[in-house]
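So this one's start.txt, compact mmCIF, C-alpha atoms:
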```txt
# COMPACT_ATOMS: atom_id res chain seq x y z
CA MET A 24 0.10 -14.42 -3.16
CA ARG A 25 0.39 -14.41 -6.94
CA ALA A 26 0.28 -11.32 -9.04
CA SER A 27 -2.44 -11.32 -11.63
CA PRO A 28 -0.76 -11.62 -15.05
CA CYS A 29 -0.90 -8.50 -17.21
CA ARG A 30 -0.66 -9.29 -20.92
CA LEU A 31 0.14 -5.72 -21.94
CA SER A 32 3.26 -5.45 -24.08
CA ASN A 33 5.89 -2.92 -23.10
CA ALA A 34 6.71 -2.38 -26.75
CA SER A 35 3.55 -0.46 -27.57
CA ALA A 36 0.33 0.76 -26.05
CA ARG A 37 -2.47 -1.73 -26.28
CA ARG A 38 -6.25 -1.68 -25.88
CA TYR A 39 -8.13 -4.16 -23.76
CA GLY A 40 -11.51 -5.59 -24.67
CA SER A 41 -14.64 -3.57 -24.01
CA GLY A 42 -15.65 -5.60 -20.96
CA MET A 43 -14.97 -3.66 -17.78
CA THR A 44 -15.30 -4.33 -14.08
CA ASP A 45 -14.49 -2.22 -11.07
CA VAL A 46 -11.26 -2.68 -9.14
CA VAL A 47 -12.82 -3.58 -5.80
CA SER A 48 -15.00 -6.32 -7.37
CA LEU A 49 -12.08 -7.84 -9.27
CA TYR A 50 -9.94 -7.91 -6.12
CA SER A 51 -12.79 -9.57 -4.18
CA GLU A 52 -13.25 -12.09 -6.98
CA ARG A 53 -9.56 -13.04 -6.85
CA VAL A 54 -9.70 -13.40 -3.07
CA ALA A 55 -12.81 -15.58 -3.30
CA GLY A 56 -11.09 -17.74 -5.91
CA GLY A 57 -8.04 -18.23 -3.70
CA VAL A 58 -5.73 -16.42 -6.12
CA LEU A 59 -5.12 -13.59 -3.62
CA THR A 60 -5.12 -13.32 0.15
CA ALA A 61 -7.23 -10.48 1.54
CA ASP A 62 -4.97 -7.77 2.94
CA PRO A 63 -6.45 -4.70 4.70
CA VAL A 64 -3.58 -2.48 3.56
CA GLN A 65 -4.14 -3.49 -0.06
CA GLN A 66 -7.91 -3.12 0.28
CA ALA A 67 -7.49 0.42 1.66
CA VAL A 68 -5.92 1.69 -1.56
CA LEU A 69 -8.43 0.06 -3.93
CA PRO A 70 -10.80 3.09 -3.87
CA GLU A 71 -7.96 5.24 -5.22
CA PHE A 72 -7.56 2.92 -8.19
CA GLU A 73 -11.32 2.79 -8.63
CA ARG A 74 -11.52 6.61 -8.57
CA ILE A 75 -9.14 6.75 -11.53
CA ARG A 76 -10.81 3.89 -13.39
CA ALA A 77 -14.27 5.42 -13.05
CA ALA A 78 -13.07 8.83 -14.27
CA LEU A 79 -11.36 7.33 -17.31
CA ALA A 80 -14.39 5.17 -18.09
CA ALA A 81 -16.89 8.05 -17.92
CA PRO A 82 -18.22 9.03 -21.37
CA VAL A 83 -17.05 12.44 -22.54
CA LYS A 84 -19.98 14.67 -23.50
CA ARG A 85 -19.12 16.47 -26.68
CA GLY A 86 -20.49 19.74 -28.00
CA LEU A 87 -19.47 23.10 -29.34
CA PHE A 88 -19.27 24.75 -25.91
CA ARG A 89 -18.44 21.74 -23.79
CA LYS A 90 -14.97 21.48 -22.36
CA ALA A 91 -13.50 18.07 -21.71
CA PRO A 92 -13.46 17.33 -17.96
CA PRO A 93 -10.04 17.61 -16.31
CA PRO A 94 -8.22 14.27 -15.97
CA PRO A 95 -8.26 12.62 -12.56
CA LYS A 96 -5.27 12.85 -10.28
CA GLY A 97 -2.91 9.94 -10.71
CA LEU A 98 -1.47 7.74 -7.98
CA TYR A 99 2.02 7.34 -6.53
CA LEU A 100 1.98 4.08 -4.57
CA TRP A 101 5.08 3.51 -2.49
CA GLY A 102 6.25 1.08 0.18
CA GLY A 103 8.59 -1.81 0.88
CA VAL A 104 9.20 -4.68 -1.49
CA GLY A 105 6.75 -7.58 -1.63
CA ARG A 106 3.71 -5.60 -0.42
CA GLY A 107 1.69 -6.19 -3.59
CA LYS A 108 2.12 -2.80 -5.28
CA SER A 109 2.83 -4.21 -8.73
CA MET A 110 0.08 -6.80 -8.36
CA LEU A 111 -2.48 -4.09 -7.54
CA MET A 112 -1.37 -2.01 -10.51
CA ASP A 113 -1.73 -5.02 -12.81
CA LEU A 114 -5.18 -5.66 -11.36
CA PHE A 115 -6.14 -2.03 -11.98
CA VAL A 116 -4.86 -2.11 -15.59
CA GLU A 117 -6.92 -5.24 -16.16
CA THR A 118 -10.12 -3.31 -15.37
CA LEU A 119 -9.57 -0.48 -17.85
CA GLY A 120 -11.50 -1.91 -20.78
CA ASP A 121 -10.91 0.13 -23.94
CA VAL A 122 -8.88 2.86 -22.24
CA PRO A 123 -5.55 3.15 -24.10
CA VAL A 124 -2.99 2.24 -21.44
CA ARG A 125 0.62 1.24 -21.24
CA ARG A 126 2.10 -0.70 -18.35
CA VAL A 127 5.90 -0.52 -18.34
CA HIS A 128 8.87 -0.63 -16.00
CA PHE A 129 9.96 2.96 -15.40
CA HIS A 130 13.63 2.33 -16.15
CA ALA A 131 12.79 0.64 -19.47
CA PHE A 132 10.49 3.54 -20.39
CA MET A 133 13.21 6.11 -19.74
CA GLN A 134 15.72 4.13 -21.81
CA GLU A 135 13.23 4.16 -24.66
CA ILE A 136 12.77 7.93 -24.32
CA HIS A 137 16.55 8.45 -24.49
CA THR A 138 16.82 6.24 -27.59
CA LYS A 139 14.06 8.14 -29.40
CA MET A 140 15.51 11.49 -28.39
CA HIS A 141 18.86 10.43 -29.84
CA ALA A 142 17.13 9.48 -33.11
CA ALA A 143 15.37 12.89 -33.18
CA ARG A 144 18.69 14.71 -32.69
CA GLN A 145 20.18 12.73 -35.57
CA LYS A 146 17.44 14.23 -37.76
CA GLY A 147 18.37 17.74 -36.64
CA VAL A 148 15.38 18.29 -34.33
CA GLU A 149 16.26 21.15 -31.99
CA ASP A 150 14.01 20.13 -29.08
CA ALA A 151 14.35 16.35 -29.23
CA LEU A 152 12.00 15.72 -26.31
CA ALA A 153 8.96 17.44 -27.85
CA PRO A 154 8.24 14.94 -30.68
CA VAL A 155 9.02 11.98 -28.42
CA ALA A 156 6.59 13.19 -25.75
CA ALA A 157 3.98 13.93 -28.43
CA GLU A 158 4.25 10.35 -29.67
CA VAL A 159 3.61 9.03 -26.15
CA VAL A 160 0.67 11.38 -25.64
CA LYS A 161 -0.98 10.23 -28.89
CA SER A 162 -0.88 6.58 -27.89
CA VAL A 163 -2.16 6.52 -24.28
CA ARG A 164 -4.55 8.05 -21.78
CA LEU A 165 -2.85 6.33 -18.86
CA LEU A 166 0.74 5.36 -18.15
CA ALA A 167 1.26 2.71 -15.48
CA PHE A 168 4.89 2.72 -14.33
CA ASP A 169 6.40 0.00 -12.20
CA GLU A 170 9.32 0.73 -9.86
CA MET A 171 9.86 4.46 -10.31
CA GLN A 172 13.32 5.31 -9.11
CA ILE A 173 15.78 7.78 -10.53
CA THR A 174 19.49 7.21 -10.06
CA ASP A 175 20.77 8.43 -13.43
CA ILE A 176 21.51 12.11 -13.98
CA THR A 177 20.37 11.95 -17.62
CA ASP A 178 16.96 10.69 -16.46
CA ALA A 179 16.82 13.33 -13.75
CA MET A 180 17.50 16.14 -16.22
CA ILE A 181 14.64 15.32 -18.61
CA VAL A 182 11.97 13.64 -16.50
CA GLY A 183 10.48 16.92 -15.24
CA ARG A 184 9.86 18.32 -18.72
CA LEU A 185 8.60 14.97 -19.93
CA PHE A 186 5.99 14.75 -17.18
CA GLU A 187 4.95 18.35 -17.81
CA PHE A 188 4.20 17.35 -21.41
CA LEU A 189 2.21 14.33 -20.24
CA PHE A 190 0.16 16.17 -17.64
CA GLU A 191 -0.52 19.13 -19.95
CA ALA A 192 -1.97 16.69 -22.49
CA GLY A 193 -4.18 15.04 -19.86
CA VAL A 194 -2.26 11.75 -19.59
CA VAL A 195 -2.86 10.13 -16.20
CA VAL A 196 0.09 8.54 -14.42
CA VAL A 197 -0.03 5.68 -11.92
CA THR A 198 3.29 4.50 -10.54
CA THR A 199 4.75 2.24 -7.90
CA SER A 200 7.98 2.94 -6.06
CA ASN A 201 9.98 1.75 -3.10
CA ARG A 202 10.75 5.37 -2.19
CA VAL A 203 8.69 8.28 -0.94
CA PRO A 204 8.79 11.09 -3.56
CA ASP A 205 11.10 13.23 -1.43
CA ASP A 206 13.74 10.46 -1.61
CA LEU A 207 13.79 10.23 -5.41
CA TYR A 208 17.26 10.99 -6.79
CA LYS A 209 18.41 11.45 -3.20
CA ASP A 210 21.98 12.82 -2.98
CA GLY A 211 22.10 12.96 -6.79
CA LEU A 212 24.27 15.38 -8.75
CA ASN A 213 22.60 18.81 -9.18
CA ARG A 214 19.59 17.55 -7.24
CA GLN A 215 18.27 21.08 -6.78
CA LEU A 216 17.35 21.04 -10.48
CA PHE A 217 15.25 17.93 -9.84
CA LEU A 218 13.18 19.31 -6.95
CA PRO A 219 10.48 20.88 -9.19
CA PHE A 220 9.72 17.38 -10.47
CA ILE A 221 9.08 16.15 -6.92
CA LYS A 222 6.74 19.10 -6.41
CA LEU A 223 4.95 18.23 -9.66
CA ILE A 224 4.50 14.62 -8.55
CA LYS A 225 2.91 15.76 -5.29
CA GLU A 226 0.58 18.13 -7.12
CA ARG A 227 -0.62 15.77 -9.84
CA LEU A 228 -0.58 12.39 -8.09
CA VAL A 229 -2.09 11.19 -4.82
CA VAL A 230 0.86 9.91 -2.77
CA TRP A 231 -0.11 6.73 -0.88
CA GLU A 232 2.08 4.61 1.36
CA MET A 233 1.48 0.87 1.52
CA ALA A 234 2.77 0.07 4.99
CA SER A 235 1.74 -3.56 5.15
CA PRO A 236 3.69 -5.70 7.64
CA THR A 237 3.39 -8.63 5.23
CA ASP A 238 6.05 -9.24 2.60
CA TYR A 239 4.28 -11.57 0.17
CA ARG A 240 7.31 -12.07 -2.03
CA GLN A 241 9.35 -13.15 0.99
CA ASN A 242 6.49 -15.33 2.22
CA ARG A 243 6.33 -17.15 -1.11
CA LEU A 244 10.01 -18.00 -0.70
CA GLU A 245 9.91 -18.74 3.03
CA GLY A 246 10.84 -22.36 3.56
CA ALA A 247 11.20 -22.87 -0.20
CA GLN A 248 14.33 -24.24 -1.80
CA VAL A 249 16.34 -21.48 -3.51
CA TYR A 250 19.55 -23.33 -4.45
CA PHE A 251 19.16 -26.17 -6.97
CA THR A 252 21.90 -28.67 -7.75
CA PRO A 253 23.02 -30.47 -9.87
CA ILE A 254 22.18 -28.69 -13.11
CA GLY A 255 19.74 -30.78 -15.11
CA PRO A 256 16.09 -31.12 -16.15
CA GLU A 257 14.81 -31.17 -12.56
CA ALA A 258 16.73 -28.04 -11.55
CA ARG A 259 15.62 -26.22 -14.69
CA GLU A 260 11.96 -27.08 -14.10
CA ASN A 261 12.22 -25.93 -10.48
CA ILE A 262 13.77 -22.64 -11.59
CA ARG A 263 11.02 -22.16 -14.18
CA ALA A 264 8.36 -22.75 -11.52
CA VAL A 265 9.93 -20.23 -9.12
CA TRP A 266 10.25 -17.68 -11.92
CA ARG A 267 6.60 -18.08 -12.97
CA ASP A 268 5.45 -17.58 -9.39
CA LEU A 269 7.60 -14.55 -8.64
CA SER A 270 7.40 -12.68 -11.94
CA GLY A 271 3.61 -12.99 -12.16
CA GLY A 272 3.46 -12.45 -15.91
CA PRO A 273 5.36 -11.87 -19.15
CA ALA A 274 8.82 -10.35 -18.72
CA GLU A 275 11.02 -8.23 -20.97
CA PRO A 276 14.74 -7.49 -21.05
CA LEU A 277 16.02 -4.61 -18.94
CA THR A 278 19.08 -2.65 -20.09
CA LEU A 279 21.09 -0.73 -17.50
CA HIS A 280 23.52 1.95 -18.65
CA VAL A 281 26.60 2.07 -16.45
CA LYS A 282 29.33 4.55 -17.38
CA GLY A 283 28.65 4.17 -21.08
CA ARG A 284 28.30 0.39 -20.98
CA GLU A 285 25.12 -1.61 -21.44
CA VAL A 286 24.32 -4.29 -18.89
CA VAL A 287 21.43 -6.46 -20.05
CA LEU A 288 19.20 -8.55 -17.80
CA PRO A 289 17.46 -10.90 -20.29
CA ALA A 290 14.19 -11.09 -18.32
CA PHE A 291 12.80 -8.64 -15.77
CA ARG A 292 9.40 -8.02 -14.19
CA ASN A 293 8.12 -6.70 -10.87
CA GLY A 294 11.62 -6.30 -9.46
CA VAL A 295 12.57 -9.90 -10.29
CA ALA A 296 15.34 -10.57 -12.83
CA ARG A 297 16.40 -13.77 -14.55
CA ALA A 298 19.79 -14.39 -16.16
CA SER A 299 22.32 -17.12 -16.77
CA PHE A 300 25.81 -17.31 -15.26
CA TYR A 301 27.22 -16.52 -18.68
CA ASP A 302 25.00 -13.42 -19.07
CA LEU A 303 26.48 -11.85 -15.94
CA CYS A 304 29.87 -13.49 -15.42
CA GLY A 305 30.90 -14.59 -18.90
CA ARG A 306 31.07 -10.99 -20.09
CA MET A 307 33.53 -8.29 -19.09
CA LEU A 308 31.50 -6.73 -16.30
CA GLY A 309 32.88 -5.20 -13.12
CA ALA A 310 31.92 -4.11 -9.64
CA GLY A 311 30.06 -1.00 -10.86
CA ASP A 312 27.88 -3.11 -13.14
CA TYR A 313 27.02 -5.55 -10.37
CA LEU A 314 26.24 -2.72 -7.97
CA ALA A 315 23.84 -1.29 -10.56
CA ILE A 316 22.13 -4.68 -10.85
CA ALA A 317 21.89 -5.03 -7.08
CA ASP A 318 20.35 -1.56 -6.88
CA GLU A 319 17.75 -2.37 -9.53
CA VAL A 320 16.52 -5.87 -8.63
CA LYS A 321 14.95 -7.32 -5.50
CA VAL A 322 15.28 -10.97 -6.53
CA LEU A 323 17.80 -12.46 -8.96
CA VAL A 324 17.21 -15.86 -10.53
CA LEU A 325 20.66 -16.98 -11.72
CA GLU A 326 20.94 -20.18 -13.75
CA ASP A 327 23.66 -22.65 -14.64
CA ILE A 328 26.54 -21.73 -12.33
CA PRO A 329 29.34 -24.12 -13.44
CA ARG A 330 32.20 -25.59 -11.47
CA LEU A 331 34.92 -22.96 -11.11
CA SER A 332 38.69 -23.41 -11.45
CA ARG A 333 41.80 -21.99 -13.10
CA ASN A 334 40.15 -22.81 -16.45
CA ASN A 335 37.48 -20.14 -15.93
CA PHE A 336 39.32 -17.96 -13.43
CA ASN A 337 38.07 -14.61 -14.82
CA GLU A 338 34.45 -15.77 -14.74
CA ALA A 339 34.99 -17.01 -11.17
CA LYS A 340 36.36 -13.62 -10.08
CA ARG A 341 33.33 -11.88 -11.58
CA PHE A 342 31.03 -14.32 -9.81
CA VAL A 343 32.66 -13.52 -6.47
CA THR A 344 32.17 -9.79 -7.14
CA LEU A 345 28.55 -10.34 -8.16
CA ILE A 346 27.76 -12.30 -4.98
CA ASP A 347 29.43 -9.60 -2.85
CA ALA A 348 27.23 -6.93 -4.48
CA LEU A 349 24.04 -8.97 -4.03
CA TYR A 350 24.96 -9.82 -0.45
CA GLU A 351 25.62 -6.24 0.60
CA ALA A 352 22.37 -5.05 -1.01
CA ARG A 353 20.36 -7.90 0.59
CA VAL A 354 19.12 -9.09 -2.81
CA ARG A 355 17.35 -12.46 -2.72
CA LEU A 356 19.23 -15.02 -4.83
CA ILE A 357 17.69 -18.11 -6.42
CA CYS A 358 20.06 -20.20 -8.48
CA SER A 359 20.96 -23.49 -10.11
CA ALA A 360 24.55 -24.69 -9.84
CA ALA A 361 26.76 -27.61 -10.75
CA ALA A 362 27.55 -28.35 -7.09
CA GLU A 363 26.90 -27.25 -3.53
CA PRO A 364 28.56 -23.91 -2.64
CA GLU A 365 31.53 -25.51 -0.87
CA MET A 366 32.24 -27.74 -3.87
CA LEU A 367 31.94 -25.16 -6.64
CA TYR A 368 35.59 -24.05 -6.49
CA VAL A 369 37.85 -26.81 -5.25
CA GLU A 370 41.10 -26.41 -7.18
CA GLY A 371 43.30 -23.68 -8.55
CA GLU A 372 44.18 -20.14 -7.59
CA GLY A 373 41.37 -18.44 -5.70
CA THR A 374 40.02 -21.42 -3.75
CA PHE A 375 40.88 -19.84 -0.41
CA GLU A 376 39.18 -16.53 -1.31
CA PHE A 377 36.13 -18.44 -2.53
CA GLU A 378 35.45 -19.79 0.96
CA ARG A 379 33.83 -16.47 1.88
CA THR A 380 31.66 -16.60 -1.25
CA ALA A 381 30.56 -20.15 -0.42
CA SER A 382 29.68 -19.02 3.09
CA ARG A 383 27.63 -16.13 1.70
CA LEU A 384 25.85 -18.44 -0.73
CA ARG A 385 24.87 -20.61 2.26
CA GLU A 386 23.69 -17.63 4.28
CA MET A 387 21.64 -16.33 1.36
CA GLN A 388 19.66 -19.58 1.34
CA ASP A 389 18.25 -18.83 4.79
CA LYS A 390 14.51 -18.28 4.86
CA ASP A 391 14.96 -14.89 6.57
CA TRP A 392 17.52 -13.61 4.07
CA GLY A 393 16.60 -10.27 2.53
CA LYS A 394 14.16 -9.26 5.28
```
So that I can check it, write out the structure of this file as structure tokens.
Amino acid sequence: MRASPCRLSNASARRYGSGMTDVVSLYSERVAGGVLTADPVQQAVLPEFERIRAALAAPVKRGLFRKAPPPPKGLYLWGGVGRGKSMLMDLFVETLGDVPVRRVHFHAFMQEIHTKMHAARQKGVEDALAPVAAEVVKSVRLLAFDEMQITDITDAMIVGRLFEFLFEAGVVVVTTSNRVPDDLYKDGLNRQLFLPFIKLIKERLVVWEMASPTDYRQNRLEGAQVYFTPIGPEARENIRAVWRDLSGGPAEPLTLHVKGREVVLPAFRNGVARASFYDLCGRMLGAGDYLAIADEVKVLVLEDIPRLSRNNFNEAKRFVTLIDALYEARVRLICSAAAEPEMLYVEGEGTFEFERTASRLREMQDKDWGK
């Protein structure tokens, strides 16, 4: 099943054309056209999306004594990976016509909020969040977040106030997540301070579990080649094709902040990241960085793994650490490499230790890996 591409830029809110269709009809149209496979669990949640779309599309009657109608409840759509949550959200956003909407990965949005708050503090603003939230409120009526999860204490400490600003101004929030709200920021530092945010989510959003037995992302990879060698035009084209299929639309960089360091994934969308060997192993990253990546992504497309030896020993050590982190987190790996796993590291210090990495690379090619 392919996700319907969403052309909305993460950099700024954007308006769609005036043409508008309802969510159920668009889903049925995609099924009829063979773009999507009908799924009862997906179909069950479509009325929730349509409820929000219809409320946002309704004309607002204006007059001296008329109050604007209250905004509709948002939607918190959670469930396992590959169930079509992001695809349904993209489909919904596509039906919104002229409604000012922004579709953005939650982590990227929070990084942007932190950056703007820092700029406000530099100008001497006492409450740095207030002008930042006001800017968001002015630009959108609906925020569509992908992959809400909160693992960073700085996010946890401001997200409650931020959402209070949004809801007070009538901004509607639709979000996907792999976690039920009660598991957000689970076991986090000072979590008791975060609990009012969970309560707010439950009050202002309909919480809906997508418990489909079908993992479409896994199904798209089942039986497919995921390790391409040697590196060359054919491998690069194969990687591009896999990326197009899994990402389902335009991607943007994702920056992770790990103990004061920035770890950049050059392309990220719908839980799928794409990077080169140099991006992740040619820089001075460590186990903590790779664990953060493994926690954030569901599929990693890693390109251009070279032959490893004493000449690039540090890069080889980082690669071993990266594969360990991905393996333990059950992240799906798709890669292009200079040689088969057993032939990547054949001389120099570290060849014996690399045997385990080669074995893991083999195991991660199995069609059932990541289930």
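Nearest residue to A:Val324, choosing from A:Ala142, A:Val281, A:Ala296, A:Cys304 and counting only C-alpha atoms: A:Ala296.
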- Item | One-decimal distance in Å that lies between atom CA of A:Met180 and atom CA of A:Val286 |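 Value for the atom CA of A:Val286-atom CA of A:Met180 distance: 21.7 Å.
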- Message: Nearest residue to A:Glu319 out of A:Arg292, A:Arg379, A:Arg341, A:Arg164, using only C-alpha atoms?
- Response: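 With only C-alpha atoms as the atom set, the closest residue is A:Arg292.
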Quick one: contact table of stretch 210-237 of chain A to stretch 170-177 of chain A, 10 Å max, nearest atom pair and distance in Å to one decimal per residue, counting all atoms listed in the file, chain and number order, as CSV?
```
residue,atom,partner,partner_atom,distance
A:Asp210,CA,A:Thr174,CA,9.4
A:Gly211,CA,A:Thr174,CA,7.1
A:Leu212,CA,A:Ile176,CA,6.8
A:Asn213,CA,A:Ile176,CA,8.3
A:Arg214,CA,A:Ile176,CA,8.9
A:Phe217,CA,A:Ile176,CA,9.5
```
- Between A:Glu372, A:Glu275, A:Asp121, A:Glu386, which one has atoms that come closest to A:Ile346, using all atoms listed in the file? A:Glu386
With a distance cut-off of 12 Å and only C-alpha atoms, select the neighbouring residues of A:Leu223, excluding the residue or stretch itself and same-chain residues fewer than 5 positions from it, and output the selection as a PDB file with C-alpha atoms, keeping the file's coordinate frame.
```
ATOM      1  CA  LYS A  96      -5.270  12.850 -10.280  1.00  0.00           C
ATOM      2  CA  GLY A  97      -2.910   9.940 -10.710  1.00  0.00           C
ATOM      3  CA  TYR A  99       2.020   7.340  -6.530  1.00  0.00           C
ATOM      4  CA  VAL A 182      11.970  13.640 -16.500  1.00  0.00           C
ATOM      5  CA  GLY A 183      10.480  16.920 -15.240  1.00  0.00           C
ATOM      6  CA  ARG A 184       9.860  18.320 -18.720  1.00  0.00           C
ATOM      7  CA  LEU A 185       8.600  14.970 -19.930  1.00  0.00           C
ATOM      8  CA  PHE A 186       5.990  14.750 -17.180  1.00  0.00           C
ATOM      9  CA  GLU A 187       4.950  18.350 -17.810  1.00  0.00           C
ATOM     10  CA  PHE A 188       4.200  17.350 -21.410  1.00  0.00           C
ATOM     11  CA  LEU A 189       2.210  14.330 -20.240  1.00  0.00           C
ATOM     12  CA  PHE A 190       0.160  16.170 -17.640  1.00  0.00           C
ATOM     13  CA  GLU A 191      -0.520  19.130 -19.950  1.00  0.00           C
ATOM     14  CA  VAL A 196       0.090   8.540 -14.420  1.00  0.00           C
ATOM     15  CA  PRO A 204       8.790  11.090  -3.560  1.00  0.00           C
ATOM     16  CA  ASP A 205      11.100  13.230  -1.430  1.00  0.00           C
ATOM     17  CA  PHE A 217      15.250  17.930  -9.840  1.00  0.00           C
ATOM     18  CA  LEU A 218      13.180  19.310  -6.950  1.00  0.00           C
ATOM     19  CA  LEU A 228      -0.580  12.390  -8.090  1.00  0.00           C
ATOM     20  CA  VAL A 229      -2.090  11.190  -4.820  1.00  0.00           C
ATOM     21  CA  VAL A 230       0.860   9.910  -2.770  1.00  0.00           C
TER      22      VAL A 230
END
```
- Item | Top pick for closest residue to A:Leu49, considering A:Asp62, A:Glu326, A:Glu73, A:Asp389 and counting all atoms listed in the file |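 Among the listed residues, A:Glu73 lies closest to A:Leu49.
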- Task: Using all atoms listed in the file, find the one residue out of A:Tyr250, A:Trp266, A:Tyr313, A:Phe72 that sits nearest to A:Glu351.
- Result: A:Tyr313
- Query: If you measure from atom CA of A:Lys321 to atom CA of A:Ala167, what distance in Å do you get, rounded to one decimal?
  - Reply: 19.7 Å
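One finds atom CA of A:Val320 at 25.4 Å from atom CA of A:Glu378.
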- Check the smallest atom-to-atom distance from each of A:Thr344, A:Thr199, A:Asn337, A:Ser332 to A:Asp312 using all atoms listed in the file, then report the winner.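 Closest candidate: A:Thr344.
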- Message: When you look at A:Val163 with a cut-off of 8 Å (counting all atoms listed in the file), what residues show up, excluding the ones that are within fewer than 6 positions of it in the same chain? I need them as a PyMOL selection string.
- Response: chain A and resi 36+122-125+194
Provide an axis-aligned box for all listed atoms of stretch 149-165 of chain A, padding each side by 5 Å; report its centre and its edge lengths in Å to one decimal, as AutoDock Vina command-line options.
```
--center_x 5.9 --center_y 13.7 --center_z -25.4 --size_x 30.8 --size_y 24.8 --size_z 23.1
```
